[in-house]
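S.K.: Quick one: structure below, then a few questions.
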Amino acid sequence: MSTANGTSANGNRPAQDRSNLIPFSSRLKEGRALAQDVWSIFNAANLPADCINLGQGYMNFAPPEWIKTAAEEALNSVATNHYSHPKGRMRLREALKAHYEPELGRSLDVESEILVTSGANEGQYSVFVAFLEQGDEVIMFEPFFDQYLPSVTFNGGVPVYVPLHPPIGAGKQSAHEWTIDFDELRRALTPRTKMIILNTPHNPVGKVFTRHELEQIAAIAEEHNLLIMSDEVYDTLVFDGEQHVRIATLPGMWDRTVTVGSAGKMFAATGWRVGWLIGPPSIIQPALAATTRIVFCSNSPLQEASAVGIEQAKNRGFLTQQCKEYQERRDILTSAFDSLGMKYTNPQGAYFTLLDISNLTWPEDYPFPPTVLGRGRDFRACWFIAMEIGVSSIPVSEFYCEEHTSIGESYARFAFCKDVDTLKHAVERLQNMKQYLA
Ligand SMILES: Cc1ncc(COP(=O)(O)O)c(C=O)c1O
C-alpha cells in the first residue's frame with residue numbers, strides 16, 4: 001500500500017510502479033499479438049452459459065475409440081513416454097510416407113522429406129523461422145487463419161494481404177465463387193516477396209482451390225522464385241466429390257512447396273498437437289533446424305497414436321466415413337440459413353460456413369460491451385446473435401487487415417465440427433433470427 005504522497009505505508013521509500021519493470025520485446029507489439037483477440041472476446045466464459053458454441057473450430061466429440069486406445073497403449077509403454085527424434089517418431093514418418101506417396105505421386109524419404117511438428121502451427125512457425133529475413137514479404141489471402149500474422153511478424157516478415165473476392169448475389173453461394181483477382185495478386189508482388197501462404201481447403205471460406213487457380217499461383221511462384229507454404233490441414237474434409245489438388249504435384253512445384261498437415265484435423269484431436277511438414281530436403285532440413293530449437297521434439301505418445309491412426313484409417317474406411325459425417329453436419333447447419341433465406345457460403349471443404357449478416361438488425365441502444373464496440377459491424381452482429389439467439393459464431397473481419405475490414409464485416413463464421421444433436425438444436429434457435437432480418 002502507498003500513501004497519497006507516494007511513500008510506502010511502512011517506510012520512507014517512494015512507491016514504485018513495478019508493473020513494467022522488465023520491458024518486453026517490441027516484437028509483441030507487431031502482428032496483433034497483444035490485442036484482445038476474437039477468441040477471448042467470444043470465449044464461452046463471456047457468453048450465456050447455455051449458448052451453443054459454433055464459434056471456435058474444435059470438436060465437441062472425442063477422437064475415435066480405436067485411436068484413443070492406441071494413445072493409451074503408447075502411454076503404457078516406456079519408449080513412447082520419452083523424447084522422440086526431432087524429425088518425428090519413425091513409425092509416424094513411415095505412416096505419413098505411405099499415406100502421402102500416392103497423394104503426391106512420388107516416393108518420399110523419411111529422413112529428409114517428412115518432419116513431424118507440434119501441430120501444423122508450430123510446423124508453419126518453423127518454416128517462417130527458417131526462411132524469413134527481416135523485411136521479407138509474405139502474401140496472405142484474406143480471410144486468413146489468424147495465427148499466420150504473428151507467426152510471420154515475430155520472424156521479421158511483412159504480411160502483404162490479397163483478398164479473396166466474395167460472391168455477389170443472394171442465397172446459397174458456392175465457396176468456389178470466392179475468387180482471386182490475379183492482376184491484384186501480381187500487383188502485390190515486390191522484389192522482397194519471399195513466400196505465398198496458400199490454404200486449401202480454406203478456413204474460413206471452405207474453398208477448395210481449383211487446379212486452374214493453383215496453376216496460376218504456381219506460375220507466379222516460378223516467375224518470382226517464391227516459396228509456397230501450402231496449408232492443407234483440412235485435406236481429408238472435402239465434400240460433394242470435389243477434388244483436392246495439391247500444389248506440390250504441379251510441374252516444378254515440389255521444389256518450392258512445403259505441404260502442411262495436422263493429426264488434429266484428421267482425427268478430431270486438436271489438443272494432441274501433432275502435425276507435419278512434407279517437402280524437399282531444401283525446405284525440410286532448415287525447418288528441422290528451427291523446430292529442434294523451438295520444441296526439440298513433438299509429444300511422443302500422441303505421435304505414436306497418430307501413426308496408428310494413419311496406418312489403419314484406410315482399412316477401417318475411417319476417413320471416408322468421417323468426411324461423409326462432416327458433410328451431413330454441414331447440410332444440417334446450412335438448412336437453417338436456407339429456411340431463413342439468408343445469403344451464405346456453402347463450403348466445399350473444412351468445417352466452417354460463412355453467413356452474410358449484412359441484413360441483420362438490432363436495437364440502436366443494444367447494450368454491447370466495450371470489447372465489441374469500435375470493431376467491425378460483424379463483432380456486434382456475432383455478439384447479438386450469441387446473446388439473443390443463443391448460438392455463438394466468430395466475426396470474420398478478424399481475419400482481414402484493417403484496410404480490408406469492410407469485406408469481412410459482412411460475415412459471421414459458424415463451425416460445424418459439432419455433434420448432430422448440437423447442430424440441430426442450433427438450427428432451431430437460429431430460426432429466431434427471422435425477426436431481426438431487414
Ligand atoms: C487453416 C489452419 N491451419 C492450421 C491450423 C492449425 O492446426 P494445428 O491445430 O494442427 O496446429 C488451423 C487450426 O485451426 C487452421 O484452421
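Convention: chains lettered A, B, ... in C-alpha cells order; per-chain residue numbering from 1; ligands numbered from 1 as shown.
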Within 7 Å of ligand 1, counting only C-alpha atoms and all ligand atoms: which residues, as a ChimeraX atom specification?

M.R.: /A:57,118-122,145,199,202-203,231,233,261-265,270,273-275

S.K.: Can you list, as an MDAnalysis selection string, every protein, DNA or RNA residue that comes within 7 Å of Asn155 in chain A when you count only C-alpha atoms, leaving out same-chain residues fewer than 3 positions away?

M.R.: chainID A and resid 128:129 132 151:152

S.K.: Can you list, as a ChimeraX atom specification, every residue of range 88-214 of chain A that DSSP puts in helix (DSSP H, G or I)?

M.R.: /A:90-104,119-131,148-153,175-177,182-188,211-214

S.K.: Please measure the separation of CA of Ile278 in chain A and CA of Asp146 in chain A, giving the value in Å to one decimal.

M.R.: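 We find that CA of Ile278 in chain A and CA of Asp146 in chain A lie 22.1 Å from each other.
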
S.K.: Please identify the strand (DSSP E) residues within range 42-182 of chain A (assignment by DSSP from backbone atoms) and present them as a JSON list (two decimals) with C-alpha atoms, in the first residue's frame.

M.R.:
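Output contents, as saved in result-v2.json:
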[["chain", "number", "residue", "atom", "x", "y", "z"],
["A", 52, "ILE", "CA", -24.34, -23.17, -28.27],
["A", 53, "ASN", "CA", -20.71, -22.80, -29.25],
["A", 114, "ILE", "CA", 9.00, -35.56, -43.75],
["A", 115, "LEU", "CA", 9.08, -33.63, -40.49],
["A", 116, "VAL", "CA", 6.71, -34.15, -37.55],
["A", 117, "THR", "CA", 5.84, -30.92, -35.71],
["A", 137, "GLU", "CA", 7.17, -10.06, -47.66],
["A", 138, "VAL", "CA", 4.66, -12.86, -47.27],
["A", 139, "ILE", "CA", 1.48, -12.93, -49.35],
["A", 140, "MET", "CA", -1.63, -13.97, -47.42],
["A", 141, "PHE", "CA", -5.03, -14.41, -48.98],
["A", 142, "GLU", "CA", -7.80, -12.88, -46.92],
["A", 158, "VAL", "CA", 5.92, -8.33, -43.56],
["A", 159, "PRO", "CA", 2.41, -9.54, -44.36],
["A", 160, "VAL", "CA", 1.01, -8.47, -47.71],
["A", 161, "TYR", "CA", -2.73, -9.02, -48.00],
["A", 162, "VAL", "CA", -4.60, -10.11, -51.09],
["A", 163, "PRO", "CA", -8.33, -10.55, -50.52],
["A", 172, "LYS", "CA", -26.65, -20.21, -51.10],
["A", 173, "GLN", "CA", -23.29, -19.46, -52.75],
["A", 174, "SER", "CA", -20.59, -21.93, -53.61]]

S.K.: When you look at Leu75 in chain A with a cut-off of 10 Å (counting only C-alpha atoms), what residues show up, excluding the ones that are within fewer than 3 positions of it in the same chain? I need them as a JSON list (two decimals) with all heavy atoms, in the first residue's frame.

M.R.:
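Result file follows (part23.json):
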[["chain", "number", "residue", "atom", "x", "y", "z"],
["A", 69, "THR", "N", -7.44, -45.78, -27.90],
["A", 69, "THR", "CA", -6.80, -46.98, -27.36],
["A", 69, "THR", "C", -5.31, -46.99, -27.72],
["A", 69, "THR", "O", -4.45, -47.33, -26.89],
["A", 69, "THR", "CB", -7.49, -48.25, -27.93],
["A", 69, "THR", "OG1", -8.87, -48.14, -27.63],
["A", 69, "THR", "CG2", -6.93, -49.53, -27.37],
["A", 70, "ALA", "N", -5.01, -46.58, -28.95],
["A", 70, "ALA", "CA", -3.59, -46.53, -29.37],
["A", 70, "ALA", "C", -2.83, -45.53, -28.50],
["A", 70, "ALA", "O", -1.66, -45.75, -28.13],
["A", 70, "ALA", "CB", -3.50, -46.16, -30.85],
["A", 71, "ALA", "N", -3.49, -44.42, -28.15],
["A", 71, "ALA", "CA", -2.84, -43.42, -27.30],
["A", 71, "ALA", "C", -2.58, -44.00, -25.91],
["A", 71, "ALA", "O", -1.50, -43.80, -25.32],
["A", 71, "ALA", "CB", -3.71, -42.17, -27.21],
["A", 72, "GLU", "N", -3.55, -44.73, -25.40],
["A", 72, "GLU", "CA", -3.42, -45.35, -24.08],
["A", 72, "GLU", "C", -2.26, -46.35, -24.07],
["A", 72, "GLU", "O", -1.44, -46.38, -23.15],
["A", 72, "GLU", "CB", -4.70, -46.12, -23.78],
["A", 72, "GLU", "CG", -5.47, -45.61, -22.60],
["A", 72, "GLU", "CD", -6.80, -46.33, -22.54],
["A", 72, "GLU", "OE1", -6.84, -47.53, -22.16],
["A", 72, "GLU", "OE2", -7.79, -45.69, -22.91],
["A", 78, "VAL", "N", 7.24, -47.79, -22.40],
["A", 78, "VAL", "CA", 8.30, -46.94, -21.85],
["A", 78, "VAL", "C", 8.79, -45.92, -22.89],
["A", 78, "VAL", "O", 8.70, -44.71, -22.71],
["A", 78, "VAL", "CB", 9.47, -47.79, -21.31],
["A", 78, "VAL", "CG1", 10.62, -46.89, -20.87],
["A", 78, "VAL", "CG2", 8.99, -48.64, -20.15],
["A", 79, "ALA", "N", 9.26, -46.45, -24.04],
["A", 79, "ALA", "CA", 9.95, -45.56, -25.01],
["A", 79, "ALA", "C", 9.07, -44.40, -25.45],
["A", 79, "ALA", "O", 9.55, -43.27, -25.62],
["A", 79, "ALA", "CB", 10.37, -46.38, -26.22],
["A", 80, "THR", "N", 7.79, -44.67, -25.61],
["A", 80, "THR", "CA", 6.90, -43.62, -26.14],
["A", 80, "THR", "C", 6.58, -42.54, -25.10],
["A", 80, "THR", "O", 5.87, -41.58, -25.41],
["A", 80, "THR", "CB", 5.59, -44.26, -26.65],
["A", 80, "THR", "OG1", 5.26, -45.34, -25.79],
["A", 80, "THR", "CG2", 5.75, -44.77, -28.05],
["A", 81, "ASN", "N", 7.08, -42.69, -23.89],
["A", 81, "ASN", "CA", 6.92, -41.61, -22.91],
["A", 81, "ASN", "C", 8.12, -40.67, -22.89],
["A", 81, "ASN", "O", 8.15, -39.73, -22.10],
["A", 81, "ASN", "CB", 6.71, -42.17, -21.51],
["A", 81, "ASN", "CG", 5.27, -42.62, -21.32],
["A", 81, "ASN", "OD1", 4.38, -41.79, -21.17],
["A", 81, "ASN", "ND2", 5.04, -43.91, -21.39],
["A", 82, "HIS", "N", 9.07, -40.94, -23.74],
["A", 82, "HIS", "CA", 10.30, -40.15, -23.69],
["A", 82, "HIS", "C", 10.53, -39.38, -24.99],
["A", 82, "HIS", "O", 9.72, -39.45, -25.89],
["A", 82, "HIS", "CB", 11.46, -41.07, -23.32],
["A", 82, "HIS", "CG", 11.25, -41.63, -21.93],
["A", 82, "HIS", "ND1", 11.35, -40.86, -20.81],
["A", 82, "HIS", "CD2", 10.84, -42.85, -21.52],
["A", 82, "HIS", "CE1", 11.05, -41.59, -19.75],
["A", 82, "HIS", "NE2", 10.73, -42.80, -20.14],
["A", 300, "SER", "N", 5.51, -37.43, -27.72],
["A", 300, "SER", "CA", 5.77, -38.79, -28.24],
["A", 300, "SER", "C", 4.57, -39.73, -28.26],
["A", 300, "SER", "O", 4.29, -40.35, -29.29],
["A", 300, "SER", "CB", 6.92, -39.44, -27.47],
["A", 300, "SER", "OG", 8.08, -38.66, -27.58],
["A", 301, "PRO", "N", 3.83, -39.88, -27.13],
["A", 301, "PRO", "CA", 2.76, -40.88, -27.16],
["A", 301, "PRO", "C", 1.71, -40.57, -28.22],
["A", 301, "PRO", "O", 1.19, -41.48, -28.88],
["A", 301, "PRO", "CB", 2.14, -40.82, -25.75],
["A", 301, "PRO", "CG", 2.80, -39.72, -25.02],
["A", 301, "PRO", "CD", 3.99, -39.27, -25.79],
["A", 302, "LEU", "N", 1.43, -39.29, -28.43],
["A", 302, "LEU", "CA", 0.36, -38.96, -29.38],
["A", 302, "LEU", "C", 0.87, -39.00, -30.82],
["A", 302, "LEU", "O", 0.09, -39.14, -31.75],
["A", 302, "LEU", "CB", -0.29, -37.64, -29.01],
["A", 302, "LEU", "CG", -0.93, -37.72, -27.61],
["A", 302, "LEU", "CD1", -1.54, -36.40, -27.19],
["A", 302, "LEU", "CD2", -1.96, -38.84, -27.51],
["A", 304, "GLU", "N", 2.73, -41.51, -31.67],
["A", 304, "GLU", "CA", 2.58, -42.95, -31.88],
["A", 304, "GLU", "C", 1.11, -43.27, -32.22],
["A", 304, "GLU", "O", 0.81, -44.03, -33.14],
["A", 304, "GLU", "CB", 3.01, -43.69, -30.60],
["A", 304, "GLU", "CG", 3.29, -45.15, -30.77],
["A", 304, "GLU", "CD", 4.59, -45.46, -31.52],
["A", 304, "GLU", "OE1", 5.35, -44.52, -31.86],
["A", 304, "GLU", "OE2", 4.83, -46.65, -31.79],
["A", 305, "ALA", "N", 0.20, -42.65, -31.46],
["A", 305, "ALA", "CA", -1.23, -42.90, -31.71],
["A", 305, "ALA", "C", -1.63, -42.35, -33.09],
["A", 305, "ALA", "O", -2.43, -42.98, -33.79],
["A", 305, "ALA", "CB", -2.06, -42.23, -30.62]]

S.K.: Taking only C-alpha atoms into account, which of A:Glu364, A:Asp136, A:Glu94, A:Asp338 comes nearest Lys434 in chain A?

M.R.: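 Closest residue, counting only C-alpha atoms: A:Asp338.
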
S.K.: Looking at only C-alpha atoms, which of A:Arg377, A:Lys424, A:Arg316, A:His244 is the one that sits closest to Glu328 in chain A?

M.R.: A:Lys424
